[in-house]
Structures are given as C-alpha cells and as structure tokens.
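Structure data follow from my_file-v9.txt (compact mmCIF, C-alpha atoms (C1' of nucleotides)):
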# COMPACT_ATOMS: atom_id res chain seq x y z
CA MET H 115 133.51 2.22 -76.82
CA ASN H 116 132.38 5.85 -76.55
CA ALA H 117 134.20 8.11 -78.96
CA THR H 118 133.91 11.30 -76.89
CA ARG H 119 135.08 9.54 -73.76
CA GLU H 120 138.09 8.19 -75.63
CA ARG H 121 138.83 11.66 -76.99
CA ILE H 122 138.84 13.10 -73.48
CA LEU H 123 141.18 10.37 -72.27
CA ALA H 124 143.55 10.96 -75.19
CA ALA H 125 143.52 14.71 -74.62
CA THR H 126 144.30 14.16 -70.94
CA ALA H 127 147.21 11.86 -71.77
CA HIS H 128 148.53 14.42 -74.24
CA ILE H 129 148.52 17.27 -71.74
CA LEU H 130 149.60 15.18 -68.76
CA SER H 131 152.67 13.94 -70.60
CA ARG H 132 153.72 17.50 -71.42
CA ARG H 133 152.67 19.66 -68.50
CA GLY H 134 152.61 17.28 -65.53
CA VAL H 135 149.79 16.33 -63.16
CA ALA H 136 149.47 19.57 -61.27
CA GLY H 137 149.87 21.61 -64.45
CA THR H 138 147.03 19.86 -66.27
CA ARG H 139 143.81 21.90 -66.36
CA LEU H 140 140.37 20.54 -67.15
CA ALA H 141 139.82 23.53 -69.41
CA ASP H 142 142.90 22.59 -71.46
CA ILE H 143 141.78 18.98 -71.66
CA ALA H 144 138.31 20.01 -72.79
CA ALA H 145 139.67 22.44 -75.38
CA HIS H 146 141.98 19.77 -76.77
CA ALA H 147 139.02 17.39 -77.02
CA ASP H 148 136.93 20.15 -78.64
CA LEU H 149 134.48 20.49 -75.76
CA ARG H 150 133.65 22.77 -72.80
CA THR H 151 134.81 21.87 -69.33
CA PRO H 152 131.47 20.67 -67.89
CA ALA H 153 131.13 18.04 -70.61
CA VAL H 154 134.00 16.17 -68.99
CA TYR H 155 131.78 15.56 -65.95
CA TYR H 156 129.31 13.63 -68.06
CA TYR H 157 131.98 10.92 -68.49
CA PHE H 158 134.10 11.25 -65.34
CA THR H 159 133.11 12.01 -61.78
CA SER H 160 136.14 14.18 -61.06
CA ARG H 161 139.47 15.41 -62.37
CA ASN H 162 141.25 12.90 -60.15
CA ASP H 163 139.20 10.01 -61.56
CA LEU H 164 140.07 11.07 -65.08
CA VAL H 165 143.78 11.40 -64.33
CA ALA H 166 143.80 8.07 -62.48
CA GLU H 167 142.21 6.27 -65.42
CA VAL H 168 144.75 7.72 -67.85
CA MET H 169 147.61 6.66 -65.61
CA ARG H 170 146.31 3.11 -65.14
CA ASP H 171 145.64 2.84 -68.86
CA GLY H 172 149.13 4.11 -69.67
CA GLN H 173 150.82 1.65 -67.35
CA ARG H 174 148.71 -1.16 -68.80
CA ARG H 175 149.71 -0.18 -72.35
CA VAL H 176 153.40 -0.23 -71.46
CA ARG H 177 153.07 -3.62 -69.79
CA GLU H 178 151.10 -5.14 -72.68
CA HIS H 179 153.45 -3.76 -75.32
CA VAL H 180 156.54 -5.07 -73.57
CA HIS H 181 154.83 -8.36 -72.79
CA ASN H 182 153.90 -8.83 -76.45
CA ALA H 183 157.44 -8.08 -77.57
CA ILE H 184 158.78 -10.78 -75.28
CA THR H 185 156.24 -13.46 -76.12
CA SER H 186 156.45 -12.84 -79.86
CA ALA H 187 160.23 -13.28 -79.95
CA PRO H 188 161.48 -16.34 -81.83
CA PRO H 189 161.09 -19.49 -79.73
CA GLU H 190 164.22 -20.56 -77.86
CA SER H 191 165.58 -17.00 -77.96
CA PRO H 192 168.39 -16.47 -75.44
CA VAL H 193 167.21 -14.51 -72.41
CA ILE H 194 169.46 -11.57 -73.22
CA GLU H 195 167.65 -11.16 -76.53
CA LEU H 196 164.32 -11.08 -74.73
CA ILE H 197 165.74 -8.33 -72.54
CA GLU H 198 166.83 -6.40 -75.61
CA ALA H 199 163.35 -6.81 -77.05
CA ALA H 200 161.92 -5.43 -73.82
CA VAL H 201 164.25 -2.43 -74.00
CA GLU H 202 163.10 -1.66 -77.53
CA ALA H 203 159.41 -2.12 -76.69
CA HIS H 204 159.65 0.11 -73.61
CA LEU H 205 161.33 2.89 -75.58
CA ARG H 206 158.96 2.66 -78.54
CA ILE H 207 155.76 2.73 -76.52
CA GLU H 208 157.12 5.56 -74.43
CA LEU H 209 158.63 7.78 -77.10
CA GLU H 210 156.87 6.92 -80.32
CA LEU H 211 153.53 5.26 -79.72
CA SER H 212 151.67 6.56 -76.75
CA ASP H 213 151.05 9.74 -74.79
CA PHE H 214 149.47 7.47 -72.20
CA ALA H 215 152.81 5.77 -71.63
CA SER H 216 154.83 8.96 -71.25
CA ALA H 217 152.12 10.41 -69.03
CA VAL H 218 152.84 7.56 -66.62
CA THR H 219 156.60 7.80 -66.52
CA ARG H 220 156.67 11.56 -66.27
CA ASN H 221 154.11 11.75 -63.49
CA ALA H 222 154.32 8.54 -61.48
CA GLY H 223 156.57 10.15 -58.88
CA GLN H 224 154.39 13.12 -58.04
CA LEU H 225 150.84 11.81 -57.92
CA PRO H 226 148.34 12.97 -55.32
CA PRO H 227 147.77 10.26 -52.69
CA GLY H 228 144.57 8.74 -54.08
CA ILE H 229 145.86 8.25 -57.61
CA ALA H 230 149.16 6.73 -56.55
CA GLU H 231 147.47 3.78 -54.87
CA SER H 232 145.15 3.15 -57.80
CA LEU H 233 148.24 2.72 -59.99
CA HIS H 234 150.05 0.37 -57.68
CA LEU H 235 148.76 -2.98 -59.01
CA GLU H 236 149.45 -2.15 -62.64
CA SER H 237 152.90 -0.85 -61.78
CA ALA H 238 153.77 -3.97 -59.78
CA ALA H 239 152.67 -6.17 -62.69
CA TYR H 240 155.02 -4.31 -65.01
CA HIS H 241 157.99 -4.61 -62.71
CA ALA H 242 157.28 -8.32 -62.35
CA ILE H 243 157.97 -8.73 -66.07
CA TRP H 244 161.44 -7.27 -65.69
CA ARG H 245 162.10 -9.17 -62.48
CA ASN H 246 161.31 -12.41 -64.32
CA LEU H 247 163.63 -11.49 -67.18
CA LEU H 248 166.54 -10.75 -64.86
CA GLU H 249 165.93 -13.88 -62.80
CA ALA H 250 165.88 -15.95 -65.97
CA LEU H 251 169.18 -14.39 -66.97
CA ALA H 252 170.63 -15.27 -63.59
CA GLU H 253 169.41 -18.87 -63.89
CA SER H 254 170.92 -19.17 -67.35
CA GLY H 255 174.27 -18.36 -65.76
CA GLN H 256 174.83 -15.31 -67.94
CA LEU H 257 174.24 -12.60 -65.36
CA ARG H 258 177.39 -10.78 -64.35
CA THR H 259 178.37 -11.91 -60.85
CA GLY H 260 177.94 -9.73 -57.78
CA LEU H 261 175.12 -7.69 -59.26
CA ASP H 262 172.15 -6.76 -57.03
CA ILE H 263 169.33 -7.81 -59.32
CA GLY H 264 166.67 -5.54 -57.82
CA ILE H 265 168.80 -2.41 -57.98
CA ALA H 266 170.01 -3.27 -61.47
CA ARG H 267 166.40 -3.57 -62.62
CA MET H 268 165.52 -0.13 -61.26
CA LEU H 269 168.62 1.50 -62.73
CA ILE H 270 167.80 0.09 -66.17
CA ILE H 271 164.14 1.06 -66.07
CA GLY H 272 165.22 4.48 -64.81
CA ALA H 273 167.59 5.01 -67.73
CA LEU H 274 164.76 4.08 -70.11
CA ASN H 275 162.13 6.23 -68.38
CA TRP H 276 164.40 9.25 -68.27
CA THR H 277 164.62 9.31 -72.07
CA ALA H 278 161.21 11.00 -72.04
CA GLU H 279 162.93 13.97 -70.38
CA TRP H 280 165.61 14.54 -72.97
CA TRP H 281 165.19 12.56 -76.20
CA ASN H 282 164.72 14.79 -79.22
CA PRO H 283 163.87 13.06 -82.51
CA GLU H 284 165.50 15.89 -84.44
CA HIS H 285 168.81 15.20 -82.74
CA ASP H 286 168.99 11.41 -82.40
CA SER H 287 166.98 8.85 -84.33
CA LEU H 288 164.90 6.50 -82.21
CA ASP H 289 166.67 3.54 -83.82
CA THR H 290 170.05 4.85 -82.66
CA LEU H 291 168.73 5.44 -79.16
CA ILE H 292 167.30 1.91 -79.03
CA ALA H 293 170.51 0.33 -80.31
CA THR H 294 172.61 2.26 -77.78
CA ALA H 295 170.31 1.40 -74.91
CA GLN H 296 170.33 -2.28 -75.88
CA SER H 297 174.11 -2.27 -76.10
CA ILE H 298 174.46 -0.66 -72.69
CA VAL H 299 171.94 -2.95 -71.02
CA ARG H 300 173.48 -6.07 -72.52
CA SER H 301 176.97 -5.02 -71.56
CA SER H 302 175.99 -4.03 -68.03
CA LEU H 303 174.16 -7.30 -67.29
CA THR H 304 176.30 -9.95 -68.96
CA SER H 305 179.93 -10.82 -68.53
CA SER H 306 180.99 -11.60 -72.08
CA MET T 52 174.16 35.67 -45.78
CA ASN T 53 170.64 36.32 -44.50
CA ALA T 54 169.35 33.54 -42.27
CA THR T 55 165.66 33.99 -43.05
CA ARG T 56 166.29 34.10 -46.75
CA GLU T 57 168.30 30.87 -46.51
CA ARG T 58 165.51 29.27 -44.49
CA ILE T 59 162.97 30.13 -47.17
CA LEU T 60 165.21 28.69 -49.87
CA ALA T 61 165.73 25.48 -47.87
CA ALA T 62 161.99 25.15 -47.23
CA THR T 63 161.30 25.61 -50.92
CA ALA T 64 163.84 22.94 -51.86
CA HIS T 65 162.31 20.58 -49.32
CA ILE T 66 158.78 20.94 -50.65
CA LEU T 67 159.81 21.16 -54.31
CA SER T 68 161.69 17.87 -54.09
CA ARG T 69 158.65 16.11 -52.62
CA ARG T 70 155.60 17.68 -54.21
CA GLY T 71 156.83 18.99 -57.55
CA VAL T 72 156.81 22.49 -59.03
CA ALA T 73 153.13 22.91 -59.60
CA GLY T 74 152.29 21.28 -56.28
CA THR T 75 154.47 23.64 -54.26
CA ARG T 76 152.44 26.33 -52.47
CA LEU T 77 153.85 29.54 -51.06
CA ALA T 78 151.79 28.94 -47.92
CA ASP T 79 153.49 25.54 -47.43
CA ILE T 80 156.92 27.07 -47.99
CA ALA T 81 156.19 29.85 -45.50
CA ALA T 82 154.84 27.42 -42.90
CA HIS T 83 157.91 25.20 -43.26
CA ALA T 84 160.12 28.26 -42.79
CA ASP T 85 158.01 29.34 -39.78
CA LEU T 86 156.64 32.48 -41.44
CA ARG T 87 153.47 33.81 -43.07
CA THR T 88 153.17 33.91 -46.83
CA PRO T 89 153.70 37.67 -47.36
CA ALA T 90 157.10 37.54 -45.61
CA VAL T 91 158.40 35.60 -48.62
CA TYR T 92 157.87 38.70 -50.76
CA TYR T 93 160.31 40.67 -48.65
CA TYR T 94 163.10 38.42 -50.01
CA PHE T 95 161.78 37.34 -53.43
CA THR T 96 159.83 39.24 -56.01
CA SER T 97 157.64 36.30 -57.02
CA ARG T 98 157.05 32.59 -56.56
CA ASN T 99 158.72 31.95 -59.91
CA ASP T 100 161.84 33.86 -58.85
CA LEU T 101 162.07 31.81 -55.68
CA VAL T 102 161.65 28.51 -57.49
CA ALA T 103 164.15 29.52 -60.17
CA GLU T 104 166.79 30.39 -57.57
CA VAL T 105 166.33 27.05 -55.80
CA MET T 106 166.67 25.19 -59.08
CA ARG T 107 169.81 27.07 -60.15
CA ASP T 108 171.30 26.62 -56.70
CA GLY T 109 170.50 22.90 -56.75
CA GLN T 110 172.09 22.38 -60.15
CA ARG T 111 175.15 24.31 -59.01
CA ARG T 112 175.46 22.15 -55.90
CA VAL T 113 175.32 18.96 -57.96
CA ARG T 114 177.94 20.28 -60.35
CA GLU T 115 180.28 21.46 -57.60
CA HIS T 116 179.95 18.25 -55.62
CA VAL T 117 180.69 16.07 -58.64
CA HIS T 118 183.48 18.39 -59.77
CA ASN T 119 185.11 18.20 -56.34
CA ALA T 120 184.90 14.41 -56.31
CA ILE T 121 186.71 14.27 -59.64
CA THR T 122 189.44 16.77 -58.85
CA SER T 123 190.13 15.34 -55.41
CA ALA T 124 190.70 11.83 -56.78
CA PRO T 125 194.27 10.53 -56.46
CA PRO T 126 196.53 11.98 -59.17
CA GLU T 127 196.99 9.75 -62.22
CA SER T 128 193.70 7.94 -61.48
CA PRO T 129 192.44 6.00 -64.51
CA VAL T 130 189.53 7.76 -66.20
CA ILE T 131 187.11 4.97 -65.33
CA GLU T 132 187.79 5.60 -61.65
CA LEU T 133 186.99 9.27 -62.09
CA ILE T 134 183.72 8.21 -63.67
CA GLU T 135 182.98 5.95 -60.72
CA ALA T 136 183.74 8.85 -58.38
CA ALA T 137 181.31 10.99 -60.34
CA VAL T 138 178.63 8.31 -60.05
CA GLU T 139 179.06 8.19 -56.29
CA ALA T 140 179.07 11.97 -55.93
CA HIS T 141 175.95 12.38 -58.05
CA LEU T 142 174.05 9.79 -56.01
CA ARG T 143 175.20 11.13 -52.65
CA ILE T 144 174.35 14.76 -53.33
CA GLU T 145 171.02 13.71 -54.77
CA LEU T 146 169.89 11.15 -52.23
CA GLU T 147 171.73 11.96 -49.03
CA LEU T 148 172.98 15.51 -48.95
CA SER T 149 170.67 18.00 -50.55
CA ASP T 150 167.00 18.70 -51.11
CA PHE T 151 168.20 21.32 -53.59
CA ALA T 152 169.73 18.59 -55.75
CA SER T 153 166.67 16.35 -55.77
CA ALA T 154 164.46 19.37 -56.39
CA VAL T 155 166.35 19.83 -59.66
CA THR T 156 166.22 16.29 -60.94
CA ARG T 157 162.59 15.75 -60.02
CA ASN T 158 161.38 18.99 -61.60
CA ALA T 159 163.72 19.87 -64.43
CA GLY T 160 161.41 18.35 -67.02
CA GLN T 161 158.27 20.23 -66.12
CA LEU T 162 159.35 23.77 -65.44
CA PRO T 163 157.28 26.75 -66.55
CA PRO T 164 158.94 28.50 -69.53
CA GLY T 165 160.72 31.29 -67.67
CA ILE T 166 162.42 29.07 -65.12
CA ALA T 167 163.60 26.51 -67.65
CA GLU T 168 165.74 29.06 -69.48
CA SER T 169 167.26 30.42 -66.28
CA LEU T 170 168.51 26.91 -65.50
CA HIS T 171 170.00 26.27 -68.89
CA LEU T 172 173.53 27.56 -68.30
CA GLU T 173 174.01 25.65 -65.03
CA SER T 174 172.60 22.51 -66.57
CA ALA T 175 174.90 22.76 -69.60
CA ALA T 176 177.91 23.20 -67.32
CA TYR T 177 177.03 20.02 -65.48
CA HIS T 178 176.62 17.98 -68.63
CA ALA T 179 179.96 19.30 -69.85
CA ILE T 180 181.66 17.57 -66.90
CA TRP T 181 180.26 14.20 -67.95
CA ARG T 182 180.98 14.85 -71.61
CA ASN T 183 184.62 15.50 -70.73
CA LEU T 184 184.81 12.30 -68.69
CA LEU T 185 183.42 10.18 -71.52
CA GLU T 186 185.63 11.84 -74.10
CA ALA T 187 188.66 11.22 -71.90
CA LEU T 188 187.64 7.58 -71.66
CA ALA T 189 187.38 7.38 -75.43
CA GLU T 190 190.81 8.97 -75.86
CA SER T 191 192.31 6.52 -73.38
CA GLY T 192 191.13 3.74 -75.69
CA GLN T 193 189.01 2.09 -73.01
CA LEU T 194 185.57 3.06 -74.25
CA ARG T 195 183.62 0.16 -75.69
CA THR T 196 183.53 0.50 -79.48
CA GLY T 197 180.42 1.52 -81.36
CA LEU T 198 178.91 3.43 -78.46
CA ASP T 199 177.18 6.75 -79.13
CA ILE T 200 178.85 8.85 -76.47
CA GLY T 201 176.13 11.48 -76.19
CA ILE T 202 173.29 9.00 -75.81
CA ALA T 203 175.33 6.90 -73.39
CA ARG T 204 175.87 9.97 -71.24
CA MET T 205 172.15 10.72 -71.07
CA LEU T 206 171.22 7.11 -70.32
CA ILE T 207 173.69 7.02 -67.43
CA ILE T 208 172.63 10.35 -65.97
CA GLY T 209 169.02 9.23 -66.40
CA ALA T 210 169.60 6.03 -64.45
CA LEU T 211 171.18 8.08 -61.66
CA ASN T 212 168.50 10.75 -61.64
CA TRP T 213 165.68 8.24 -61.58
CA THR T 214 166.94 6.85 -58.27
CA ALA T 215 165.22 9.82 -56.61
CA GLU T 216 161.93 8.29 -57.74
CA TRP T 217 162.37 4.88 -56.16
CA TRP T 218 165.29 4.56 -53.78
CA ASN T 219 164.21 3.75 -50.23
CA PRO T 220 166.95 3.80 -47.57
CA GLU T 221 165.00 1.25 -45.53
CA HIS T 222 165.18 -1.23 -48.37
CA ASP T 223 168.62 -0.75 -49.92
CA SER T 224 171.62 0.91 -48.32
CA LEU T 225 173.05 3.86 -50.21
CA ASP T 226 176.43 2.14 -50.31
CA THR T 227 174.92 -0.87 -52.07
CA LEU T 228 173.13 1.36 -54.55
CA ILE T 229 176.36 3.25 -55.28
CA ALA T 230 178.37 0.06 -55.72
CA THR T 231 175.77 -1.41 -58.08
CA ALA T 232 175.53 1.78 -60.11
CA GLN T 233 179.32 1.99 -60.40
CA SER T 234 179.51 -1.63 -61.49
CA ILE T 235 176.84 -1.14 -64.14
CA VAL T 236 178.35 2.07 -65.46
CA ARG T 237 181.85 0.62 -65.62
CA SER T 238 180.64 -2.51 -67.33
CA SER T 239 178.49 -0.64 -69.84
CA LEU T 240 181.24 1.78 -70.87
CA THR T 241 184.38 -0.36 -70.95
CA SER T 242 185.16 -3.53 -72.84
CA SER T 243 187.15 -5.49 -70.27
C1' DG S 163 125.10 14.98 -74.44
C1' DT S 164 126.71 19.49 -74.37
C1' DC S 165 126.02 24.00 -73.33
C1' DT S 166 125.91 28.82 -70.42
C1' DA S 167 126.05 30.63 -66.01
C1' DT S 168 127.71 30.51 -61.63
C1' DA S 169 128.97 28.82 -57.04
C1' DA S 170 132.73 27.64 -53.90
C1' DG S 171 137.32 27.23 -52.94
C1' DT S 172 142.17 28.22 -53.44
C1' DA S 173 146.59 30.55 -54.70
C1' DG S 174 149.58 34.42 -55.80
C1' DA S 175 150.24 38.92 -54.79
C1' DT S 176 149.55 43.72 -52.62
C1' DA S 177 148.30 47.34 -48.89
C1' DG S 178 149.29 49.07 -44.94
C1' DA S 179 149.73 48.47 -39.69
C1' DC S 180 153.17 47.48 -36.28
C1' DG I 271 161.03 42.47 -41.15
C1' DT I 272 156.84 40.31 -40.40
C1' DC I 273 152.18 40.57 -39.66
C1' DT I 274 146.69 40.78 -40.71
C1' DA I 275 143.49 41.84 -44.09
C1' DT I 276 142.22 41.80 -48.63
C1' DC I 277 142.21 41.85 -53.78
C1' DT I 278 142.24 39.46 -58.04
C1' DA I 279 142.53 35.62 -60.86
C1' DC I 280 141.98 31.04 -61.63
C1' DT I 281 140.15 26.16 -61.16
C1' DT I 282 137.12 22.57 -59.97
C1' DA I 283 132.62 21.45 -59.79
C1' DT I 284 127.39 22.05 -59.94
C1' DA I 285 122.71 23.85 -61.67
C1' DG I 286 119.78 23.91 -64.99
C1' DA I 287 118.57 25.21 -70.02
C1' DC I 288 118.48 23.21 -74.54
Rewrite the structure of this file - the entire thing - as structure tokens.
Amino acid sequence: MNATRERILAATAHILSRRGVAGTRLADIAAHADLRTPAVYYYFTSRNDLVAEVMRDGQRRVREHVHNAITSAPPESPVIELIEAAVEAHLRIELELSDFASAVTRNAGQLPPGIAESLHLESAAYHAIWRNLLEALAESGQLRTGLDIGIARMLIIGALNWTAEWWNPEHDSLDTLIATAQSIVRSSLTSS
Amino acid sequence: MNATRERILAATAHILSRRGVAGTRLADIAAHADLRTPAVYYYFTSRNDLVAEVMRDGQRRVREHVHNAITSAPPESPVIELIEAAVEAHLRIELELSDFASAVTRNAGQLPPGIAESLHLESAAYHAIWRNLLEALAESGQLRTGLDIGIARMLIIGALNWTAEWWNPEHDSLDTLIATAQSIVRSSLTSS
DNA sequence: GTCTATAAGTAGATAGAC
DNA sequence: GTCTATCTACTTATAGAC
C-alpha cells in the first residue's frame, strides 16, 4: 500500500499503546513518523478516524493471529490444546509482535463514543473464537462442571489482556509467562 | 473532614473511573460536585494533585477491604478459603462499592509520571497481601506444583481487574461472577 | 505530498470581587 | 469559600505556498 500512510498508522499504534487514547497527540504521531502534523490530514480525515483505523486493525490482527494458531494446530488435537495454542498466540501478538494489538487492549475500555462502535464487529468476531473453543471443550465433556462459560471466557481473556499492564521482559521471559498462563487456563477449565 | 473536599474527591473518582485520566476535565469534576472550576483550587493545588490523591485513596480502600476480608475470616480457615475471600472482596470493592477502587484499576497503567510514583507504595502494599496468601498456600503444600507464584499472582489480579472493563450487572449477577472467579482461582492454584 | 502559518476551540490555572 | 473574568498554553484542524 502507501508507505507513508502505513508509517503514520504504525506511529499511532506505538503511541496509543503507551500513552492511551486521550494522551495521544497528533504532533507526537507525526514526529514519530518523521512528518509535520498537517501531513497526517492528507491520509486521514481526522484524529478520530486515524485512531479508529488503528484500533480496528489491531483487533483484526489479534483475531487473525489467534485464528491461525488454532487452525494450524496438528489435526485431531484435543480441544484443550487448541485453547493453549490460543493463549500463546494472544500473548505473543499482544506482548511481542504488535503495537496495534496492545493499543487495542489498553484502550478498548475508554474510547470516545464514535470509535467504540466502529470496533464492535471486530471485537465480537474475536470473542466468538473463544466462545467456540469453550463450547467445544464443554461438548467434549472435559469442561469442569458448574462453570459459567461466558464469565470464564471473560476472566481468561482479562488475565491475558492485563499482562500488557505489568509484564516486563527483563523480569520474566515471555516463554515462562506463556507456560504459566497455559497451565492456569488448563487447570481452571478442566477437571483432571 | 471537610464535606466539600470529600465531594470533589468523590466526583473525581466517579469521572476518573468512567472516562480515564486524560479524559477527566476539571470542569466536569466541578459540575459533578456542584461547583465552578476555580473552587477546586481552594482544596487542591493542581489537577495532578487531585487525581493522585484519588488514586492513592482508591488503592488504600482496595487494600483495606481485602485485608479486612482476610482477617475477619473464621480462625483456622484453610488458606484457599482466605484466597477465595480475597477474590470476593476485590470484586465487591471494585464493582459494587467504590468508584475510587475502579478509578485505580482502570487508570493505573496510563498515569502521568508524577502520579505513578505517588501510587507506588500503596500498590506494593496491596500486592504484598496477595504474595503472602500465595506463599502461605505453597507452604501448606496445596499449591499446584510447577507454578510460578509471581506470574500466577499477576494473572489472577489481572483477571479480577479486567472485570471493570466488561462486567454488566444487567447481564450477570455479581454473586455469579464472584462464584465463578473463586472457582477458577481455586482450581488454577490447587491440585485437588 | 509535505510544508509554514494560522485559525478556532478547549483546558488548566490565576486574579480579584464578594 | 466560591464566584466571574481572564490569561496562557496547547491541540485539532484548515489555508495556501511550494
């Protein structure tokens, strides 16, 4: 596509994921993309449009990355292993691979009205992936009994999303974090 | 203490917990406290000072509420039941009892430099409570083997904190949320 | 396509009356 | 103690040159 446009999007994701929606200035975005502020308006009609596109793109990247991890698992994999693959994919895209992804999780809750709605479809599609995984686990008979499947899904995704708030690569390796998260998710969902 | 000062603090917590740090305007705070903006400066030297006090107060309230839940548990309670009491207390103070508490969890990650440091001591004291609980569980021999205790703590607190982003009382009752969270935490930490 | 210059609006903070 | 009036700084957005 257009290189400058992509650079502006990447700069926005970078700053959004660190400073938050309301703390993200067009001047900072432009500086990070090696431009002056007005140049942004050649590619985007407003700050809100730019932010909205980054958020939608970020949510799409998370969904695609997790989706790929699930569909590229060995055929006939037990459902719980697909769930563990999803845990790893979610953490890697969020913490290691993409500012777009962390921009979404760190800002989804405090978006101005217009942007929130524009994200809704993408967000619903992502949650549908997890809902399907948990329903498949229930159908396989391995889900721990008495668990509210919708609440469990949100608690798990919450634990994963919150890592963006505290994880420090100098303190814990990403591999250790992933292994611990997988262990906790497996143990909390299954009975064995 | 001073009623007006308290009203300003409460108004700030209310708006902070809904709109985020950078989205919180002094004019909105003043209006919610039934005052004009300059009156705020009679009680606080700056917007940052006001926000910092609300955040420290919120973190203190969470810590005290959880601490009380633990110490008022029946004597000789098994550690895992203290942990379940802590889960309930954290969710209740956050979702039901205090705008100050939700102001903390929804903004802790994106605070301007000055405020972040002023919250550090309170925040460390709260995490120490959970660290003690998990260490006691390990010493009792009931902690699942091979679990990184520090990462597990952050994943659990993250799952609880994230509820502020999605929980809707019209969709799930708080009691159901608490029971599900307790079940998941117990199952993820213990082997039985 | 990207710039300089600037308009228009908004937010934090202060001055001083009451 | 709280107000009205105002200052200053900052941010989004536009105009128009190059």
Would you write out, as JSON lines, a table of all residues in chain I that have an atom no more than 12 Å from an atom of chain T, listing for each the closest atom pair and the distance in Å to one decimal, considering all atoms listed in the file and ordering rows by chain and rising residue number?
{"residue": "I:DG271", "atom": "C1'", "partner": "T:Ala90", "partner_atom": "CA", "distance": 7.7}
{"residue": "I:DT272", "atom": "C1'", "partner": "T:Ala90", "partner_atom": "CA", "distance": 5.9}
{"residue": "I:DC273", "atom": "C1'", "partner": "T:Arg87", "partner_atom": "CA", "distance": 7.7}
{"residue": "I:DT274", "atom": "C1'", "partner": "T:Arg87", "partner_atom": "CA", "distance": 10.0}
{"residue": "I:DA275", "atom": "C1'", "partner": "T:Pro89", "partner_atom": "CA", "distance": 11.5}
(request) Fewer than 2 positions away in the same chain doesn't count, so skip those; otherwise give me all residues within 7 Å of stretch 253-263 of chain H, counting only C-alpha atoms (C1' of nucleotides), as a list in words. (result)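 Answer for this query is Leu248, Glu249, Ala250, Leu251, Ile265, Ala266, Arg267, Leu303, Thr304 and Ser305 of chain H; Thr231 of chain T.
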(request) Using atom CA of H:Leu235 and atom CA of H:Arg170 as the two end points, give the distance in Å to one decimal. (result) 9.0 Å
(message) Please check the contacts: residues of chain T at most 8 Å away from chain H, using all atoms listed in the file, listed as an MDAnalysis selection string.
(response) chainID T and resid 69:71 73:74 160:161 198:199 202:203 205:214 216:217 228 231:232 234:240
(message) Residues within 10 Å of T:Val102, please, as a PyMOL selection string. Count only C-alpha atoms (C1' of nucleotides); anything in the same chain fewer than 6 positions from it doesn't count.
(response) chain T and resi 60+63-64+67+72+75+95+108+154+162+166
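Here atom CA of H:Ala215 and atom CA of H:Gln173 stand 6.3 Å from one another.
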